[in-house]
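Everything below belongs to protein_37.cif, which stores mmCIF, C-alpha atoms.
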```
data_input
#
loop_
_atom_site.label_atom_id
_atom_site.label_comp_id
_atom_site.auth_asym_id
_atom_site.auth_seq_id
_atom_site.Cartn_x
_atom_site.Cartn_y
_atom_site.Cartn_z
CA MET A 468 4.78 52.25 35.19
CA GLU A 469 1.60 51.46 37.13
CA PRO A 470 1.90 48.51 39.58
CA VAL A 471 -1.04 46.72 37.96
CA VAL A 472 0.61 46.94 34.52
CA ILE A 473 3.88 45.55 35.92
CA ILE A 474 1.97 42.62 37.47
CA ILE A 475 0.11 41.86 34.23
CA VAL A 476 3.32 41.90 32.13
CA CYS A 477 5.16 39.65 34.59
CA CYS A 478 2.18 37.29 34.75
CA VAL A 479 2.03 37.01 30.95
CA LEU A 480 5.63 35.72 31.01
CA LEU A 481 4.88 33.52 34.02
CA GLY A 482 1.88 32.02 32.23
CA ALA A 483 4.02 30.91 29.27
CA ILE A 484 6.31 28.92 31.58
CA VAL A 485 3.46 27.53 33.66
CA GLY A 486 1.55 26.36 30.59
CA LEU A 487 4.52 24.37 29.27
CA LEU A 488 4.99 22.63 32.62
CA ALA A 489 1.27 21.92 32.89
CA GLY A 490 1.24 20.19 29.53
CA MET A 491 4.47 18.25 30.05
CA LEU A 492 3.99 17.09 33.63
CA GLY A 493 0.25 17.32 34.25
CA ILE A 494 0.72 19.97 36.97
CA GLY A 495 -1.39 23.12 37.23
CA GLY A 496 1.59 25.36 37.82
CA GLY A 497 0.65 26.58 41.30
CA LEU A 498 3.98 25.41 42.71
CA ILE A 499 5.53 28.23 40.68
CA ILE A 500 2.63 30.71 40.51
CA VAL A 501 2.10 31.03 44.28
CA PRO A 502 5.66 32.05 45.30
CA VAL A 503 6.19 34.27 42.23
CA LEU A 504 2.83 35.99 42.59
CA SER A 505 3.37 36.42 46.34
CA TYR A 506 6.66 38.18 45.63
CA LEU A 507 5.06 40.42 42.98
CA LEU A 508 2.13 41.44 45.19
CA VAL A 509 4.37 42.18 48.17
CA HIS A 510 6.82 44.31 46.17
CA THR A 511 4.39 46.10 43.83
CA LEU A 512 1.23 46.52 45.92
CA GLY A 513 2.83 46.50 49.36
CA MET A 514 0.83 43.56 50.65
CA THR A 515 2.00 41.73 53.79
CA THR A 516 2.71 38.01 54.18
CA GLU A 517 -0.42 37.76 56.29
CA THR A 518 -2.71 39.01 53.52
CA VAL A 519 -0.85 37.93 50.38
CA MET A 520 -0.94 34.13 50.74
CA PRO A 521 -4.73 33.58 50.44
CA VAL A 522 -4.78 35.95 47.44
CA ALA A 523 -1.83 34.21 45.72
CA ILE A 524 -3.30 30.75 46.34
CA ALA A 525 -6.81 31.67 45.21
CA THR A 526 -5.51 33.43 42.08
CA SER A 527 -3.31 30.45 41.28
CA LEU A 528 -6.27 28.09 41.49
CA SER A 529 -8.34 30.34 39.22
CA THR A 530 -5.68 30.24 36.49
CA ILE A 531 -5.46 26.46 36.77
CA ILE A 532 -9.10 26.23 35.62
CA PHE A 533 -8.03 27.43 32.18
CA THR A 534 -4.57 25.84 32.07
CA SER A 535 -5.91 22.41 33.07
CA MET A 536 -8.75 22.70 30.59
CA SER A 537 -6.31 23.25 27.73
CA SER A 538 -3.85 20.62 28.98
CA ALA A 539 -6.56 18.01 29.63
CA PHE A 540 -8.05 18.46 26.16
CA ALA A 541 -4.61 17.98 24.59
CA HIS A 542 -4.01 14.80 26.63
CA TYR A 543 -7.49 13.51 25.74
CA ARG A 544 -6.66 13.80 22.04
CA LEU A 545 -3.38 11.97 22.72
CA GLY A 546 -5.28 9.11 24.42
CA ASN A 547 -3.73 9.69 27.86
CA ILE A 548 -6.96 9.90 29.91
CA GLU A 549 -8.60 6.79 31.44
CA LYS A 550 -12.26 7.44 32.35
CA ASN A 551 -12.41 5.04 35.31
CA ILE A 552 -9.41 6.68 37.03
CA VAL A 553 -10.68 10.21 36.40
CA LEU A 554 -14.20 9.46 37.69
CA PHE A 555 -13.34 8.05 41.11
CA THR A 556 -10.31 10.25 41.69
CA GLY A 557 -12.36 13.30 40.70
CA ILE A 558 -15.08 12.57 43.27
CA GLY A 559 -12.52 12.49 46.08
CA ILE A 560 -10.76 15.57 44.74
CA ALA A 561 -13.95 17.68 44.73
CA VAL A 562 -14.54 16.98 48.44
CA GLY A 563 -10.90 17.56 49.39
CA ALA A 564 -10.65 20.82 47.41
CA ILE A 565 -13.60 22.38 49.22
CA LEU A 566 -12.17 21.45 52.64
CA GLY A 567 -8.67 22.66 51.72
CA ALA A 568 -9.87 26.10 50.59
CA GLN A 569 -11.88 26.53 53.80
CA ILE A 570 -8.84 25.67 55.94
CA ALA A 571 -6.50 27.94 53.96
CA SER A 572 -8.80 30.95 54.42
CA ARG A 573 -8.88 30.48 58.19
CA ILE A 574 -5.22 30.10 59.19
CA SER A 575 -2.56 32.80 59.40
CA GLY A 576 -0.69 33.84 56.27
CA GLU A 577 2.69 33.22 57.90
CA LEU A 578 1.74 29.66 58.87
CA LEU A 579 0.25 29.05 55.43
CA LYS A 580 3.50 30.22 53.80
CA ASP A 581 5.58 27.82 55.89
CA ILE A 582 3.20 24.91 55.26
CA PHE A 583 3.38 25.60 51.53
CA ALA A 584 7.18 25.70 51.52
CA VAL A 585 7.58 22.47 53.50
CA LEU A 586 5.05 20.57 51.36
CA VAL A 587 6.77 21.77 48.18
CA ILE A 588 10.11 20.39 49.43
CA LEU A 589 8.43 17.02 50.15
CA ILE A 590 6.88 17.00 46.67
CA ALA A 591 10.25 17.85 45.13
CA ALA A 592 11.87 14.98 47.03
CA GLN A 593 9.22 12.62 45.66
CA MET A 594 9.90 13.88 42.14
CA ILE A 595 13.63 13.21 42.49
CA PHE A 596 13.71 9.99 44.51
CA GLY A 597 10.30 8.39 43.88
CA LYS A 598 10.48 5.10 42.02
CA GLN A 599 8.18 4.27 39.13
CA LYS A 600 6.57 0.85 38.91
CA THR A 601 5.81 -0.71 35.59
CA SER A 602 3.57 -3.71 36.33
CA ASP A 603 -0.22 -3.91 36.04
CA ASN A 604 -2.59 -1.25 37.39
CA THR A 605 -3.57 -2.09 41.02
CA ALA A 606 -5.75 0.97 41.77
CA THR A 607 -9.22 0.27 43.22
CA ARG A 608 -12.20 2.64 43.35
CA PHE A 609 -11.65 3.19 47.06
CA SER A 610 -7.93 3.88 46.71
CA LEU A 611 -8.58 6.30 43.84
CA ALA A 612 -11.18 8.21 45.88
CA ALA A 613 -8.85 8.28 48.92
CA VAL A 614 -5.91 9.54 46.86
CA GLY A 615 -8.21 12.12 45.28
CA SER A 616 -9.45 13.42 48.64
CA GLY A 617 -5.94 13.85 50.00
CA THR A 618 -4.73 15.46 46.78
CA GLY A 619 -7.70 17.83 46.63
CA LEU A 620 -7.26 18.97 50.24
CA VAL A 621 -3.51 19.63 50.02
CA SER A 622 -3.80 21.16 46.54
CA ALA A 623 -6.47 23.68 47.56
CA LEU A 624 -4.42 24.48 50.67
CA MET A 625 -1.39 25.22 48.45
CA GLY A 626 -3.11 26.65 45.36
CA ILE A 627 -1.78 23.95 43.02
CA GLY A 628 -3.44 21.75 40.41
CA GLY A 629 -2.44 18.57 42.22
CA GLY A 630 -0.46 16.94 39.44
CA ALA A 631 2.75 16.95 41.48
CA LEU A 632 0.90 14.91 44.12
CA LEU A 633 -1.45 12.88 41.95
CA VAL A 634 1.01 11.69 39.30
CA PRO A 635 3.39 9.91 41.75
CA ALA A 636 0.38 8.58 43.71
CA LEU A 637 -1.18 7.03 40.59
CA VAL A 638 2.19 5.68 39.48
CA TRP A 639 2.51 4.08 42.94
CA PHE A 640 -0.66 2.11 42.07
CA ARG A 641 1.08 1.15 38.82
CA VAL A 642 -0.88 3.38 36.48
CA ASN A 643 1.04 4.12 33.26
CA VAL A 644 2.98 7.37 33.78
CA ARG A 645 1.57 9.12 30.71
CA SER A 646 -1.97 8.10 31.67
CA ALA A 647 -1.28 9.41 35.18
CA ILE A 648 -0.14 12.76 33.74
CA GLY A 649 -3.21 13.00 31.51
CA CYS A 650 -5.61 12.14 34.34
CA ALA A 651 -3.84 14.60 36.66
CA ALA A 652 -4.36 17.36 34.10
CA LEU A 653 -8.11 16.73 34.05
CA CYS A 654 -8.38 16.27 37.82
CA GLY A 655 -6.52 19.57 38.23
CA LEU A 656 -9.54 21.19 36.59
CA VAL A 657 -11.82 19.71 39.27
CA ILE A 658 -9.53 20.97 42.06
CA ALA A 659 -9.36 24.43 40.53
CA LEU A 660 -13.11 24.78 40.01
CA PHE A 661 -14.15 23.75 43.52
CA GLY A 662 -11.19 25.42 45.23
CA THR A 663 -11.65 28.75 43.41
CA ALA A 664 -15.38 28.84 44.12
CA SER A 665 -14.68 28.29 47.80
CA PHE A 666 -12.03 31.05 47.90
CA VAL A 667 -14.36 33.50 46.14
CA ILE A 668 -17.06 32.86 48.74
CA THR A 669 -14.79 33.00 51.81
CA GLY A 670 -12.97 36.11 50.56
CA TRP A 671 -16.03 38.04 49.37
CA ASN A 672 -15.99 40.54 52.27
CA ALA A 673 -12.40 39.96 53.39
CA PRO A 674 -10.42 43.08 54.38
CA ASP A 675 -7.14 44.14 52.74
CA VAL A 676 -7.66 42.36 49.42
CA PRO A 677 -6.32 44.40 46.46
CA GLN A 678 -8.51 46.36 44.09
CA TYR A 679 -9.90 44.41 41.10
CA SER A 680 -10.32 41.24 43.16
CA LEU A 681 -13.19 38.74 43.13
CA GLY A 682 -13.15 37.38 46.66
CA TYR A 683 -9.52 36.36 47.13
CA VAL A 684 -8.92 36.06 43.36
CA TYR A 685 -6.80 38.94 41.96
CA LEU A 686 -8.18 39.34 38.43
CA PRO A 687 -5.31 41.25 36.69
CA ALA A 688 -2.83 38.50 37.59
CA MET A 689 -5.28 35.78 36.59
CA VAL A 690 -5.85 37.34 33.15
CA GLY A 691 -2.11 37.82 32.55
CA ILE A 692 -1.25 34.20 33.37
CA VAL A 693 -4.17 32.67 31.47
CA THR A 694 -3.42 34.71 28.32
CA THR A 695 -0.30 32.66 27.56
CA SER A 696 -0.69 29.50 29.66
CA MET A 697 -3.61 28.13 27.63
CA ILE A 698 -1.50 28.35 24.47
CA THR A 699 1.69 26.85 25.87
CA ALA A 700 -0.15 24.06 27.76
CA ASN A 701 -1.11 22.51 24.43
CA ILE A 702 2.49 22.79 23.22
CA GLY A 703 3.75 21.26 26.48
CA ALA A 704 1.47 18.24 26.17
CA LYS A 705 2.93 17.45 22.76
CA LEU A 706 6.50 17.97 23.96
CA GLY A 707 5.83 15.68 26.91
CA GLN A 708 5.29 12.82 24.47
CA LYS A 709 8.85 13.20 23.19
CA VAL A 710 10.89 14.30 26.22
CA ASN A 711 12.07 12.14 29.13
CA VAL A 712 9.51 13.00 31.83
CA ARG A 713 11.77 11.89 34.69
CA VAL A 714 14.50 14.33 33.65
CA LEU A 715 11.94 17.14 33.48
CA LYS A 716 10.66 16.29 36.95
CA ALA A 717 14.17 16.32 38.39
CA MET A 718 14.84 19.77 36.90
CA LEU A 719 11.54 21.12 38.22
CA ALA A 720 12.18 19.58 41.65
CA CYS A 721 15.53 21.38 41.99
CA LEU A 722 13.86 24.69 41.15
CA LEU A 723 11.10 24.04 43.69
CA VAL A 724 13.59 23.35 46.48
CA LEU A 725 15.30 26.69 45.85
CA VAL A 726 11.95 28.51 45.79
CA SER A 727 10.84 26.81 49.02
CA ILE A 728 14.03 27.72 50.87
CA ARG A 729 13.52 31.34 49.76
CA MET A 730 9.96 31.30 51.12
CA ILE A 731 11.01 29.81 54.46
CA LEU A 732 13.68 32.50 54.84
CA GLY A 733 11.08 35.15 54.00
CA ILE A 734 9.42 36.46 50.82
CA GLU A 735 9.53 40.13 51.78
#
```

Could you express the structure from this file as C-alpha cells?
Amino acid sequence: MEPVVIIIVCCVLLGAIVGLLAGMLGIGGGLIIVPVLSYLLVHTLGMTTETVMPVAIATSLSTIIFTSMSSAFAHYRLGNIEKNIVLFTGIGIAVGAILGAQIASRISGELLKDIFAVLVILIAAQMIFGKQKTSDNTATRFSLAAVGSGTGLVSALMGIGGGALLVPALVWFRVNVRSAIGCAALCGLVIALFGTASFVITGWNAPDVPQYSLGYVYLPAMVGIVTTSMITANIGAKLGQKVNVRVLKAMLACLLVLVSIRMILGIE
C-alpha cells in the first residue's frame, strides 16, 4: 500500500478520536495529533525528527480550523459561549499565535520535540491536580487578553487548539467550566487560523517538506483528519453535557503523560 494512502487511512481514524475530544473538552486535538502524525511521517515517509516537527505542528493547526469550527458552533447552540470572554481572549490569542508559529519555524526540530513533550506533561498535571473554583467570574479585559496571548503563543508553538491551556486558565478566574470549554473551542479557531497562515508563509520555500504540502501543512493528513473530526466534534459537544468533564480530563491526562514520555525517549 502506498505511504500516502496509509497516512490518510490512519488520519481518518485519528480524526474521529480527536473530534470527540474537541467537542467534550474544548481542545483542538493537537496534543494527540502532533505525536501520532510525527510517528506516521517518520515511519512511512522516512522524515527525520528535525524536519517532521514543524510539519506535524502546522498540519495539526490546519485541522483545528475545521474541528474548532464544528465544536464552537455546537457549543454556541448549547449556550456555552460568552461573547465578552471570547472577544478579549481572542485578541490576545491572535497576537500570541503569530509569534508562536514564527518561533516554532526557527528552532531545531529536536528542541521543539522536547519542548512539546515537557509542556504536555505540565498540561496533564494541571488537568489531574488543578482545582476548579465555583464562585463569581473575576476575569477582567486585561487578564483575558494576557491569558489569550500566552495561550496563543504556546499553542502555536505546540500545534494545539489551546483548550487544554485556556480552560483551566478561565476556570482559575472563576468562569463556569462549561462556558470555559465553549469559549476555548471558539478561541481554538482563532489560534488555528493565525498559526496556520504563519506556518504556510514560513514554510513556503522550506527544504525537505513532503510532497503535497502547502508550506509546512501536509495536505493528505489534514484531509484525512478533518473528514471525521468535524462529524465527531458535534457528537462530543453533546456528550460533554452529560459526562463528568473532570473524569474525562483525568483519563486524557494519563494518556498524554505516556505519549510525552515516549516522545522524550525518542519518536523514531

Rounded to one decimal in Å, what is the spacing between CA of Thr607 in chain A and CA of Ala704 in chain A? 27.0 Å

Contacts of Leu656 in chain A at 10 Å or less, counting only C-alpha atoms, minus same-chain residues fewer than 2 places along, as an NGL selection string? :A and (495 or 528-539 or 557 or 560-561 or 628-629 or 651-654 or 658-662)

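For the pair CA of Leu620 in chain A and CA of Val657 in chain A, the interatomic distance is 11.9 Å.
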
List the residues matched by the PyMOL selection byres ((chain A and resi 545-547) around 8) in the displayed structure as a PyMOL selection string, ordered by chain and then by residue number. chain A and resi 541-544+548-549+645-650

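You can rank A:Leu681, A:Leu589, A:Ile475, A:Ala523 by their closest distance to Thr694 in chain A using all atoms listed in the file, and at the top of that list sits A:Ile475.
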
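Restricting the calculation to all atoms listed in the file, the smallest distance between Met468 in chain A and any of A:Phe583, A:Phe666, A:Thr511, A:Gly615 is found for A:Thr511.
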
So which residues touch Gly497 in chain A within 10 Å, counting only C-alpha atoms, skipping near sequence neighbours fewer than 4 positions away, as a ChimeraX atom specification? /A:485,489,501-504,523-531,622-623,625-631

Name every residue that the PyMOL selection byres ((chain A and resi 510) around 12) selects in this structure, writing the answer as a PyMOL selection string with chains first and numbers rising. chain A and resi 470-471+473-474+503-509+511-516+519+734-735

Restricting to all atoms listed in the file, whichever of A:Leu633, A:Ala564, A:Leu488, A:Ala591 is closest to Gly619 in chain A is A:Ala564

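Taking CA of Lys705 in chain A as the reference point, CA of Val479 in chain A is found at 21.2 Å.
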
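With all atoms listed in the file taken into account, the protein and nucleic acid residues at most 12 Å from Ile558 in chain A (excluding it and anything under 4 positions from it in its own chain) are Asn551, Ile552, Val553, Leu554, Val562, Gly563, Ala564, Ile565, Arg608, Phe609, Ser610, Leu611, Ala612, Ala613, Val614, Gly615, Ser616, Gly617, Thr618, Gly619, Cys654, Val657, Ile658 and Phe661 of chain A.
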
Please, could you write that set of residues out with C-alpha atoms as a CSV table (one decimal), keeping the file's coordinate frame?
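Saved the output as selection_26.csv:
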```csv
chain,number,residue,atom,x,y,z
A,551,ASN,CA,-12.4,5.0,35.3
A,552,ILE,CA,-9.4,6.7,37.0
A,553,VAL,CA,-10.7,10.2,36.4
A,554,LEU,CA,-14.2,9.5,37.7
A,562,VAL,CA,-14.5,17.0,48.4
A,563,GLY,CA,-10.9,17.6,49.4
A,564,ALA,CA,-10.6,20.8,47.4
A,565,ILE,CA,-13.6,22.4,49.2
A,608,ARG,CA,-12.2,2.6,43.4
A,609,PHE,CA,-11.6,3.2,47.1
A,610,SER,CA,-7.9,3.9,46.7
A,611,LEU,CA,-8.6,6.3,43.8
A,612,ALA,CA,-11.2,8.2,45.9
A,613,ALA,CA,-8.8,8.3,48.9
A,614,VAL,CA,-5.9,9.5,46.9
A,615,GLY,CA,-8.2,12.1,45.3
A,616,SER,CA,-9.4,13.4,48.6
A,617,GLY,CA,-5.9,13.8,50.0
A,618,THR,CA,-4.7,15.5,46.8
A,619,GLY,CA,-7.7,17.8,46.6
A,654,CYS,CA,-8.4,16.3,37.8
A,657,VAL,CA,-11.8,19.7,39.3
A,658,ILE,CA,-9.5,21.0,42.1
A,661,PHE,CA,-14.2,23.8,43.5
```

Have a look at A:Ala700, A:Glu469, A:Val693, A:Ile582 and name the one nearest to Phe540 in chain A; count all atoms listed in the file. A:Ala700

Polymer residues at most 10 Å from Arg573 in chain A, all atoms listed in the file, same-chain spacing of 4 or more positions, as an NGL selection string: :A and (521 or 568-569 or 579 or 669)
